[in-house]
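Visitor: This one is model-v5.pdb, PDB, C-alpha atoms and all ligand atoms.
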ATOM      1  CA  MET J   1      56.821  94.640  85.011
ATOM      2  CA  ARG J   2      56.882  94.609  88.791
ATOM      3  CA  SER J   3      54.711  97.685  89.144
ATOM      4  CA  ASP J   4      52.326  96.226  86.583
ATOM      5  CA  LEU J   5      51.918  93.112  88.745
ATOM      6  CA  ALA J   6      51.473  95.242  91.875
ATOM      7  CA  ALA J   7      48.762  97.261  90.139
ATOM      8  CA  ARG J   8      46.934  94.097  89.084
ATOM      9  CA  LEU J   9      47.161  92.662  92.596
ATOM     10  CA  GLU J  10      45.834  95.892  94.057
ATOM     11  CA  LYS J  11      42.906  95.806  91.624
ATOM     12  CA  LEU J  12      42.113  92.204  92.576
ATOM     13  CA  GLY J  13      42.441  93.060  96.255
ATOM     14  CA  SER J  14      40.074  95.993  96.034
ATOM     15  CA  ALA J  15      37.507  93.896  94.096
ATOM     16  CA  ALA J  16      37.715  91.239  96.838
ATOM     17  CA  ARG J  17      37.283  93.864  99.572
ATOM     18  CA  ALA J  18      34.293  95.396  97.769
ATOM     19  CA  TYR J  19      32.653  91.964  97.502
ATOM     20  CA  GLU J  20      33.426  91.189 101.153
ATOM     21  CA  ALA J  21      31.763  94.450 102.169
ATOM     22  CA  ARG J  22      28.542  93.295 100.498
ATOM     23  CA  LEU J  23      28.252  90.225 102.751
ATOM     24  CA  THR J  24      26.951  90.219 106.321
ATOM     25  CA  ALA J  25      27.489  86.954 108.166
ATOM     26  CA  ILE J  26      25.372  85.814 111.107
ATOM     27  CA  PRO J  27      28.088  84.274 113.267
ATOM     28  CA  ARG J  28      25.929  83.200 116.198
ATOM     29  CA  LEU J  29      22.770  82.015 114.561
ATOM     30  CA  ALA J  30      20.120  81.370 117.227
ATOM     31  CA  TYR J  31      17.501  78.785 116.371
ATOM     32  CA  PRO J  32      14.125  78.469 118.101
ATOM     33  CA  GLU J  33      14.196  76.966 121.611
ATOM     34  CA  GLY J  34      15.323  73.338 121.566
ATOM     35  CA  VAL J  35      16.664  73.421 117.999
ATOM     36  CA  ARG J  36      20.307  72.661 117.388
ATOM     37  CA  LEU J  37      20.344  72.384 113.621
ATOM     38  CA  ALA J  38      17.998  73.373 110.771
ATOM     39  CA  VAL J  39      17.988  71.049 107.769
ATOM     40  CA  ASN J  40      16.307  72.391 104.649
ATOM     41  CA  PHE J  41      15.406  69.694 102.157
ATOM     42  CA  THR J  42      15.099  71.489  98.851
ATOM     43  CA  ALA J  43      14.149  70.075  95.463
ATOM     44  CA  ASP J  44      14.773  71.893  92.202
ATOM     45  CA  PHE J  45      11.844  70.788  90.060
ATOM     46  CA  ASP J  46      13.690  71.360  86.772
ATOM     47  CA  ALA J  47      12.405  68.279  84.925
ATOM     48  CA  MET J  48      13.533  68.702  81.294
ATOM     49  CA  LEU J  49      13.619  72.524  81.175
ATOM     50  CA  LEU J  50      17.312  73.024  81.800
ATOM     51  CA  ARG J  51      18.110  70.114  79.486
ATOM     52  CA  ARG J  52      16.166  71.889  76.731
ATOM     53  CA  LEU J  53      17.936  75.185  77.341
ATOM     54  CA  LEU J  54      21.301  73.446  77.048
ATOM     55  CA  ASN J  55      20.103  71.685  73.914
ATOM     56  CA  GLU J  56      20.973  68.290  75.340
ATOM     57  CA  PRO J  57      20.231  65.039  73.490
ATOM     58  CA  PRO J  58      16.734  63.444  73.647
ATOM     59  CA  MET J  59      17.664  60.845  76.282
ATOM     60  CA  GLN J  60      18.736  63.611  78.663
ATOM     61  CA  LYS J  61      15.371  65.308  78.196
ATOM     62  CA  ALA J  62      13.569  62.019  78.808
ATOM     63  CA  LYS J  63      15.593  61.638  82.002
ATOM     64  CA  GLY J  64      14.230  65.043  83.058
ATOM     65  CA  GLU J  65      10.642  64.040  82.278
ATOM     66  CA  PHE J  66      10.917  61.148  84.735
ATOM     67  CA  GLY J  67      11.248  63.780  87.453
ATOM     68  CA  GLY J  68       7.885  65.311  86.586
ATOM     69  CA  ARG J  69       6.040  62.038  86.138
ATOM     70  CA  VAL J  70       7.504  59.918  88.934
ATOM     71  CA  GLY J  71      10.360  61.491  90.896
ATOM     72  CA  ILE J  72       8.470  64.442  92.359
ATOM     73  CA  TRP J  73       5.691  62.168  93.631
ATOM     74  CA  ARG J  74       8.173  59.866  95.340
ATOM     75  CA  LEU J  75       9.899  62.816  97.011
ATOM     76  CA  ILE J  76       6.591  64.249  98.266
ATOM     77  CA  GLU J  77       5.668  60.842  99.687
ATOM     78  CA  LEU J  78       9.080  60.504 101.344
ATOM     79  CA  PHE J  79       8.915  63.956 102.957
ATOM     80  CA  ASP J  80       5.318  63.399 104.098
ATOM     81  CA  THR J  81       6.178  60.039 105.665
ATOM     82  CA  HIS J  82       8.874  61.716 107.742
ATOM     83  CA  GLY J  83       6.994  64.928 108.584
ATOM     84  CA  VAL J  84       9.693  66.895 106.770
ATOM     85  CA  LYS J  85       8.538  70.228 105.336
ATOM     86  CA  ALA J  86      10.477  70.720 102.118
ATOM     87  CA  THR J  87      10.866  73.549  99.640
ATOM     88  CA  ILE J  88      10.199  72.809  95.982
ATOM     89  CA  PHE J  89      11.909  75.400  93.771
ATOM     90  CA  THR J  90       9.694  75.371  90.708
ATOM     91  CA  PRO J  91      10.128  77.070  87.332
ATOM     92  CA  GLY J  92       6.912  78.759  86.142
ATOM     93  CA  ARG J  93       6.765  76.553  83.039
ATOM     94  CA  ILE J  94       6.758  73.460  85.246
ATOM     95  CA  CYS J  95       3.457  74.675  86.708
ATOM     96  CA  GLU J  96       2.014  74.330  83.212
ATOM     97  CA  LEU J  97       3.612  70.945  82.587
ATOM     98  CA  TYR J  98       3.005  69.202  85.944
ATOM     99  CA  PRO J  99       0.242  71.125  87.755
ATOM    100  CA  GLU J 100      -1.004  68.144  89.774
ATOM    101  CA  ALA J 101       2.385  67.547  91.369
ATOM    102  CA  VAL J 102       2.765  71.225  92.291
ATOM    103  CA  ARG J 103      -0.730  71.234  93.841
ATOM    104  CA  ALA J 104       0.024  68.040  95.767
ATOM    105  CA  ALA J 105       3.255  69.500  97.165
ATOM    106  CA  ALA J 106       1.403  72.579  98.418
ATOM    107  CA  ARG J 107      -1.436  70.477  99.862
ATOM    108  CA  SER J 108       1.121  68.557 101.948
ATOM    109  CA  GLY J 109       2.394  71.802 103.433
ATOM    110  CA  HIS J 110       5.585  72.038 101.415
ATOM    111  CA  GLU J 111       6.721  75.420 100.206
ATOM    112  CA  VAL J 112       6.529  76.004  96.473
ATOM    113  CA  ALA J 113       9.094  78.671  95.641
ATOM    114  CA  ASP J 114      10.382  80.310  92.471
ATOM    115  CA  HIS J 115      13.017  78.782  90.200
ATOM    116  CA  MET J 116      12.688  81.274  87.304
ATOM    117  CA  TRP J 117      10.150  81.158  84.479
ATOM    118  CA  GLU J 118      12.066  78.801  82.222
ATOM    119  CA  HIS J 119      15.250  78.332  84.215
ATOM    120  CA  ARG J 120      17.009  81.447  82.966
ATOM    121  CA  VAL J 121      17.023  85.134  83.852
ATOM    122  CA  PRO J 122      16.899  87.548  80.899
ATOM    123  CA  ASP J 123      19.410  90.431  80.923
ATOM    124  CA  ASP J 124      16.808  93.004  79.949
ATOM    125  CA  PRO J 125      15.334  94.427  83.215
ATOM    126  CA  ALA J 126      11.759  94.655  81.874
ATOM    127  CA  LEU J 127      11.863  91.101  80.536
ATOM    128  CA  GLU J 128      13.408  89.880  83.795
ATOM    129  CA  ARG J 129      10.456  91.329  85.733
ATOM    130  CA  ASP J 130       8.043  89.815  83.239
ATOM    131  CA  HIS J 131       9.580  86.354  83.795
ATOM    132  CA  LEU J 132       9.612  86.696  87.582
ATOM    133  CA  GLY J 133       6.030  87.963  87.657
ATOM    134  CA  ARG J 134       4.823  85.134  85.400
ATOM    135  CA  ALA J 135       6.546  82.473  87.500
ATOM    136  CA  ALA J 136       5.129  83.896  90.749
ATOM    137  CA  ALA J 137       1.613  84.106  89.233
ATOM    138  CA  ALA J 138       1.816  80.529  87.893
ATOM    139  CA  ILE J 139       2.770  79.233  91.357
ATOM    140  CA  GLU J 140       0.076  81.306  93.061
ATOM    141  CA  ARG J 141      -2.582  79.994  90.658
ATOM    142  CA  LEU J 142      -1.849  76.406  91.719
ATOM    143  CA  THR J 143      -1.021  76.834  95.388
ATOM    144  CA  GLY J 144      -3.117  79.876  96.363
ATOM    145  CA  LYS J 145       0.015  81.456  97.779
ATOM    146  CA  ARG J 146       2.441  83.942  96.267
ATOM    147  CA  PRO J 147       6.024  82.632  96.532
ATOM    148  CA  VAL J 148       8.420  84.577  98.774
ATOM    149  CA  GLY J 149      11.554  82.571  98.069
ATOM    150  CA  THR J 150      13.649  81.868  95.016
ATOM    151  CA  ARG J 151      16.624  79.885  93.837
ATOM    152  CA  SER J 152      17.819  81.940  90.921
ATOM    153  CA  TRP J 153      20.074  84.543  89.386
ATOM    154  CA  HIS J 154      17.329  87.168  89.632
ATOM    155  CA  THR J 155      18.546  90.617  90.655
ATOM    156  CA  HIS J 156      17.986  91.766  94.215
ATOM    157  CA  ALA J 157      16.092  94.784  92.849
ATOM    158  CA  ALA J 158      13.502  92.713  90.950
ATOM    159  CA  LEU J 159      13.108  90.300  93.876
ATOM    160  CA  ALA J 160      12.616  93.134  96.374
ATOM    161  CA  GLU J 161      10.012  94.811  94.157
ATOM    162  CA  MET J 162       7.982  91.607  94.042
ATOM    163  CA  GLY J 163       8.116  90.860  97.747
ATOM    164  CA  PHE J 164      10.670  88.045  97.815
ATOM    165  CA  ILE J 165      12.359  87.641 101.187
ATOM    166  CA  TYR J 166      15.171  85.183 100.425
ATOM    167  CA  ASN J 167      17.257  83.491  97.771
ATOM    168  CA  SER J 168      18.774  80.036  98.230
ATOM    169  CA  HIS J 169      21.539  80.242  95.717
ATOM    170  CA  GLY J 170      24.808  81.416  97.224
ATOM    171  CA  GLU J 171      27.621  79.491  98.855
ATOM    172  CA  ALA J 172      29.559  82.257 100.583
ATOM    173  CA  HIS J 173      29.002  80.974 104.129
ATOM    174  CA  HIS J 174      27.844  77.853 105.945
ATOM    175  CA  HIS J 175      25.160  79.794 107.803
ATOM    176  CA  PRO J 176      22.406  81.930 106.292
ATOM    177  CA  TYR J 177      23.824  85.375 105.489
ATOM    178  CA  TYR J 178      22.829  88.713 104.008
ATOM    179  CA  GLU J 179      24.152  89.947 100.705
ATOM    180  CA  ARG J 180      23.898  93.395  99.168
ATOM    181  CA  ASP J 181      23.718  93.761  95.397
ATOM    182  CA  SER J 182      26.639  95.369  93.585
ATOM    183  CA  ALA J 183      24.811  98.715  93.470
ATOM    184  CA  GLY J 184      24.636  98.555  97.276
ATOM    185  CA  THR J 185      20.905  99.283  97.293
ATOM    186  CA  HIS J 186      19.176  96.018  98.171
ATOM    187  CA  ARG J 187      20.097  93.498 100.826
ATOM    188  CA  LEU J 188      18.716  89.959 100.626
ATOM    189  CA  LEU J 189      18.883  86.931 102.900
ATOM    190  CA  ASN J 190      20.649  83.952 101.370
ATOM    191  CA  LEU J 191      20.112  80.365 102.518
ATOM    192  CA  PRO J 192      23.255  78.772 101.114
ATOM    193  CA  PHE J 193      23.580  75.319  99.624
ATOM    194  CA  HIS J 194      26.723  73.629  98.374
ATOM    195  CA  TYR J 195      27.361  71.345  95.427
ATOM    196  CA  SER J 196      28.796  68.699  97.747
ATOM    197  CA  ILE J 197      25.231  68.277  99.106
ATOM    198  CA  ASP J 198      23.615  68.265  95.675
ATOM    199  CA  ASP J 199      22.411  64.930  94.294
ATOM    200  CA  ALA J 200      23.267  65.831  90.700
ATOM    201  CA  MET J 201      26.959  66.005  91.554
ATOM    202  CA  TYR J 202      26.911  62.293  92.406
ATOM    203  CA  TYR J 203      24.215  60.733  90.299
ATOM    204  CA  SER J 204      23.708  62.698  87.129
ATOM    205  CA  PHE J 205      25.894  61.632  84.274
ATOM    206  CA  ALA J 206      26.260  64.267  81.547
ATOM    207  CA  TRP J 207      25.254  66.899  84.109
ATOM    208  CA  LEU J 208      25.189  70.336  82.505
ATOM    209  CA  GLY J 209      26.569  68.879  79.292
ATOM    210  CA  SER J 210      29.784  67.809  81.048
ATOM    211  CA  GLY J 211      32.302  65.708  79.115
ATOM    212  CA  ASN J 212      33.377  62.124  79.676
ATOM    213  CA  ALA J 213      35.860  62.989  82.399
ATOM    214  CA  ALA J 214      33.021  64.354  84.512
ATOM    215  CA  GLN J 215      30.671  61.388  84.186
ATOM    216  CA  ARG J 216      29.511  60.141  87.547
ATOM    217  CA  LEU J 217      27.199  57.540  89.017
ATOM    218  CA  SER J 218      28.101  57.161  92.691
ATOM    219  CA  ASP J 219      26.679  54.314  94.697
ATOM    220  CA  THR J 220      24.117  55.381  97.249
ATOM    221  CA  ASP J 221      26.058  54.073 100.276
ATOM    222  CA  ARG J 222      28.934  56.404  99.427
ATOM    223  CA  VAL J 223      26.626  59.414  99.135
ATOM    224  CA  GLU J 224      24.863  58.450 102.370
ATOM    225  CA  ASP J 225      28.221  58.336 104.200
ATOM    226  CA  LEU J 226      29.332  61.716 102.841
ATOM    227  CA  TRP J 227      26.039  63.447 103.595
ATOM    228  CA  TRP J 228      25.818  61.899 107.055
ATOM    229  CA  GLU J 229      29.303  63.219 107.858
ATOM    230  CA  ALA J 230      28.324  66.656 106.522
ATOM    231  CA  PHE J 231      25.177  66.554 108.644
ATOM    232  CA  MET J 232      27.109  65.546 111.780
ATOM    233  CA  GLY J 233      29.713  68.256 111.168
ATOM    234  CA  GLN J 234      26.961  70.873 111.098
ATOM    235  CA  TYR J 235      25.069  69.251 113.981
ATOM    236  CA  ARG J 236      28.098  69.411 116.267
ATOM    237  CA  ARG J 237      28.618  73.116 115.660
ATOM    238  CA  GLY J 238      24.954  74.164 115.460
ATOM    239  CA  GLY J 239      25.327  75.006 111.802
ATOM    240  CA  TYR J 240      22.953  74.740 108.873
ATOM    241  CA  LEU J 241      22.360  72.157 106.160
ATOM    242  CA  ASN J 242      20.616  72.679 102.838
ATOM    243  CA  VAL J 243      20.179  69.411 100.928
ATOM    244  CA  CYS J 244      19.702  70.101  97.224
ATOM    245  CA  LEU J 245      17.774  67.409  95.344
ATOM    246  CA  HIS J 246      16.296  67.098  91.859
ATOM    247  CA  PRO J 247      13.200  64.931  91.309
ATOM    248  CA  PHE J 248      14.655  63.481  88.101
ATOM    249  CA  VAL J 249      17.871  62.549  89.928
ATOM    250  CA  SER J 250      16.848  61.506  93.449
ATOM    251  CA  GLY J 251      13.423  60.206  92.398
ATOM    252  CA  ARG J 252      14.960  56.856  91.426
ATOM    253  CA  ALA J 253      13.869  54.106  93.850
ATOM    254  CA  LEU J 254      17.377  53.248  95.076
ATOM    255  CA  ARG J 255      18.107  56.883  95.899
ATOM    256  CA  ILE J 256      14.745  57.436  97.604
ATOM    257  CA  ALA J 257      15.623  54.437  99.804
ATOM    258  CA  MET J 258      18.936  56.094 100.692
ATOM    259  CA  LEU J 259      17.202  59.371 101.607
ATOM    260  CA  ASP J 260      14.725  57.402 103.701
ATOM    261  CA  ARG J 261      17.631  55.876 105.679
ATOM    262  CA  LEU J 262      19.401  59.220 105.961
ATOM    263  CA  ILE J 263      16.360  61.129 107.256
ATOM    264  CA  SER J 264      15.513  58.300 109.699
ATOM    265  CA  ARG J 265      19.041  58.550 111.073
ATOM    266  CA  MET J 266      18.921  62.351 111.337
ATOM    267  CA  LYS J 267      15.690  62.074 113.308
ATOM    268  CA  THR J 268      17.340  59.925 115.987
ATOM    269  CA  LEU J 269      19.245  63.005 117.251
ATOM    270  CA  PRO J 270      17.537  65.623 119.409
ATOM    271  CA  GLY J 271      17.065  69.179 118.175
ATOM    272  CA  VAL J 272      16.961  68.606 114.425
ATOM    273  CA  TRP J 273      14.470  70.932 112.714
ATOM    274  CA  PHE J 274      13.145  70.285 109.190
ATOM    275  CA  PRO J 275      11.402  73.548 108.238
ATOM    276  CA  THR J 276      10.678  74.969 104.816
ATOM    277  CA  CYS J 277      13.132  77.600 103.635
ATOM    278  CA  GLU J 278      10.417  80.216 104.166
ATOM    279  CA  MET J 279       9.973  79.173 107.809
ATOM    280  CA  LEU J 280      13.705  79.427 108.402
ATOM    281  CA  ALA J 281      13.972  82.718 106.492
ATOM    282  CA  ARG J 282      11.181  84.278 108.574
ATOM    283  CA  HIS J 283      12.883  83.116 111.765
ATOM    284  CA  VAL J 284      16.243  84.577 110.714
ATOM    285  CA  LEU J 285      14.716  87.853 109.518
ATOM    286  CA  ALA J 286      12.888  88.266 112.839
ATOM    287  CA  THR J 287      15.718  87.281 115.154
ATOM    288  CA  HIS J 288      18.765  88.456 113.187
ATOM    289  CA  PRO J 289      17.584  91.456 111.159
ATOM    290  CA  ALA J 290      19.997  92.830 108.586
ATOM    291  CA  GLY J 291      20.493  95.981 110.663
TER     292      GLY J 291
HETATM  293 ZN    ZN L   1      17.554  74.242  88.366
END
Since I need it in another form, could you write the structure as structure tokens?
Guide:
Amino acid sequence: MRSDLAARLEKLGSAARAYEARLTAIPRLAYPEGVRLAVNFTADFDAMLLRRLLNEPPMQKAKGEFGGRVGIWRLIELFDTHGVKATIFTPGRICELYPEAVRAAARSGHEVADHMWEHRVPDDPALERDHLGRAAAAIERLTGKRPVGTRSWHTHAALAEMGFIYNSHGEAHHHPYYERDSAGTHRLLNLPFHYSIDDAMYYSFAWLGSGNAAQRLSDTDRVEDLWWEAFMGQYRRGGYLNVCLHPFVSGRALRIAMLDRLISRMKTLPGVWFPTCEMLARHVLATHPAG
């Protein structure tokens, strides 16, 4: 019994050590001259795609559609008003459904990056590459620029083959970090976000088909307080903040007003940089190469 437990603990320990060995932190991240903190505003332009995949009820899908018709436009206007360069992670199918919004985002200088073809990554390697290639081509057709970033479960191998330079999907560190795939062959930069700075965690009832106990509709003042504290925590230590929004969630007028207040407040402090994820990724790759 005892030796059985010891063997299981050893197995867990070695799995943890193997995972740890795949990560390379950047402990002293140096920003460009005069910058103390980079804030990436990111929007996952899911609209109703994920709702469809999860086979959610019609009202949930309609909620998603609002993001494509109204929410995305309000977010673009908000970012433009503040001179914030955002990153819009866009599924390929969304390019077919809402091409004007994707074009408008690119015209304003925002980055349009990959968010899978239809919000899922097939297990079959050939099909995975087909999806990634289609999504990248759909974005390029509308923006004139091939995406170099993704927020997805795509494999490092497929991403490397198609010229992607970063993923913004992990949560293993509070700074950007490098992660090797389990085969140990490809290393990719990760710009981490966290669910505590994700609008859907506060405002999206029935998020991901969650049950009654997980229903949530926080008031905007509460979210503003929490995100301001998170921002200040990172600002004090020269950290990094990735704010994850969804047009169908944050595109509501009340929540846009909260973001407007929050960004205005962030801008009162010196040294706050609002780049696209690509701009930050290129800076990190140039100044802190994986080695
Ligand atoms: Zn998504």
Visitor: Can you list, as a compact mmCIF listing (two decimals) with C-alpha atoms, in the frame of the given file, the residues that the PyMOL selection byres (((not hetatm)) within 7 of (chain L and resi 1)) selects here?
Guide:
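The resulting file, result_14.txt, is reproduced below:
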# COMPACT_ATOMS: atom_id res chain seq x y z
CA ASP J 44 14.77 71.89 92.20
CA PHE J 45 11.84 70.79 90.06
CA ASP J 46 13.69 71.36 86.77
CA LEU J 50 17.31 73.02 81.80
CA HIS J 115 13.02 78.78 90.20
CA HIS J 119 15.25 78.33 84.22
Visitor: When the PyMOL selection byres (((chain J and resi 155-165) around 12) and not hetatm) is applied to the file above, which residues end up in the set, as a ChimeraX atom specification?
Guide: /J:113-114,116,121-137,146-154,166-169,178-191,277-286,289-290
Visitor: When distances are computed from all atoms listed in the file, which of J:Phe205, J:Phe41, J:Tyr240, J:Phe274 shows the smallest separation from Ile76 (chain J)?
Guide: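 Residue with the minimum atom-to-atom distance to Ile76 (chain J): J:Phe41.
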Visitor: In Å to one decimal, how far is CA of Thr42 (chain J) from CA of Gly170 (chain J)?
Guide: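 Taking CA of Gly170 (chain J) as the start and CA of Thr42 (chain J) as the end point, the length is 14.0 Å.
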Visitor: Pick from J:Gly109, J:Pro247, J:Pro57, J:Gly92: nearest to Asp80 (chain J), with all atoms listed in the file counted?
Guide: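 For Asp80 (chain J), the nearest of the given residues is J:Gly109.
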Visitor: Just how far from CA of Met266 (chain J) is CA of Asn242 (chain J), in Å to one decimal?
Guide: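 Value for the CA of Asn242 (chain J)-CA of Met266 (chain J) distance: 13.5 Å.
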Visitor: Starting from the block above, write region 90-99 of chain J out to a file with all heavy atoms, as a compact mmCIF listing (two decimals), in the first residue's frame, please.
Guide:
# COMPACT_ATOMS: atom_id res chain seq x y z
N THR J 90 -9.78 35.99 -34.13
CA THR J 90 -10.94 35.79 -34.98
C THR J 90 -10.99 34.41 -35.61
O THR J 90 -10.08 34.04 -36.38
CB THR J 90 -10.90 36.85 -36.12
OG1 THR J 90 -10.74 38.14 -35.52
CG2 THR J 90 -12.15 36.82 -36.95
N PRO J 91 -12.03 33.63 -35.33
CA PRO J 91 -12.17 32.35 -36.05
C PRO J 91 -12.35 32.61 -37.56
O PRO J 91 -12.97 33.60 -37.95
CB PRO J 91 -13.45 31.75 -35.45
CG PRO J 91 -13.60 32.40 -34.11
CD PRO J 91 -13.07 33.80 -34.32
N GLY J 92 -11.83 31.69 -38.39
CA GLY J 92 -11.95 31.85 -39.83
C GLY J 92 -13.40 32.02 -40.28
O GLY J 92 -13.71 32.84 -41.15
N ARG J 93 -14.30 31.27 -39.71
CA ARG J 93 -15.72 31.34 -40.09
C ARG J 93 -16.31 32.71 -39.83
O ARG J 93 -17.24 33.14 -40.51
CB ARG J 93 -16.53 30.27 -39.32
CG ARG J 93 -16.36 28.88 -39.83
CD ARG J 93 -17.27 28.61 -41.05
NE ARG J 93 -18.67 28.52 -40.69
CZ ARG J 93 -19.64 29.27 -41.21
NH1 ARG J 93 -19.36 30.17 -42.11
NH2 ARG J 93 -20.89 29.11 -40.83
N ILE J 94 -15.78 33.40 -38.82
CA ILE J 94 -16.29 34.74 -38.51
C ILE J 94 -15.96 35.71 -39.64
O ILE J 94 -16.70 36.66 -39.88
CB ILE J 94 -15.72 35.22 -37.15
CG1 ILE J 94 -16.32 34.39 -36.01
CG2 ILE J 94 -15.94 36.71 -36.91
CD1 ILE J 94 -17.80 34.58 -35.77
N CYS J 95 -14.86 35.44 -40.34
CA CYS J 95 -14.51 36.29 -41.50
C CYS J 95 -15.60 36.18 -42.57
O CYS J 95 -15.84 37.14 -43.30
CB CYS J 95 -13.17 35.86 -42.09
SG CYS J 95 -11.80 36.16 -41.00
N GLU J 96 -16.22 35.03 -42.67
CA GLU J 96 -17.31 34.87 -43.64
C GLU J 96 -18.58 35.53 -43.14
O GLU J 96 -19.37 36.05 -43.91
CB GLU J 96 -17.60 33.37 -43.86
CG GLU J 96 -16.45 32.62 -44.50
CD GLU J 96 -16.75 31.13 -44.66
OE1 GLU J 96 -17.66 30.63 -43.97
OE2 GLU J 96 -16.08 30.48 -45.48
N LEU J 97 -18.79 35.47 -41.83
CA LEU J 97 -20.06 35.96 -41.27
C LEU J 97 -20.07 37.48 -41.08
O LEU J 97 -21.10 38.13 -41.28
CB LEU J 97 -20.32 35.28 -39.91
CG LEU J 97 -20.61 33.77 -40.00
CD1 LEU J 97 -20.46 33.11 -38.62
CD2 LEU J 97 -22.00 33.52 -40.54
N TYR J 98 -18.92 38.05 -40.65
CA TYR J 98 -18.88 39.49 -40.35
C TYR J 98 -17.66 40.15 -41.00
O TYR J 98 -16.82 40.73 -40.30
CB TYR J 98 -18.87 39.71 -38.83
CG TYR J 98 -20.04 39.08 -38.12
CD1 TYR J 98 -19.88 37.95 -37.33
CD2 TYR J 98 -21.32 39.62 -38.26
CE1 TYR J 98 -20.97 37.35 -36.70
CE2 TYR J 98 -22.42 39.02 -37.64
CZ TYR J 98 -22.22 37.89 -36.87
OH TYR J 98 -23.30 37.31 -36.25
N PRO J 99 -17.57 40.07 -42.33
CA PRO J 99 -16.34 40.58 -42.98
C PRO J 99 -16.11 42.07 -42.77
O PRO J 99 -14.96 42.50 -42.62
CB PRO J 99 -16.57 40.26 -44.47
CG PRO J 99 -18.05 40.05 -44.61
CD PRO J 99 -18.53 39.52 -43.29
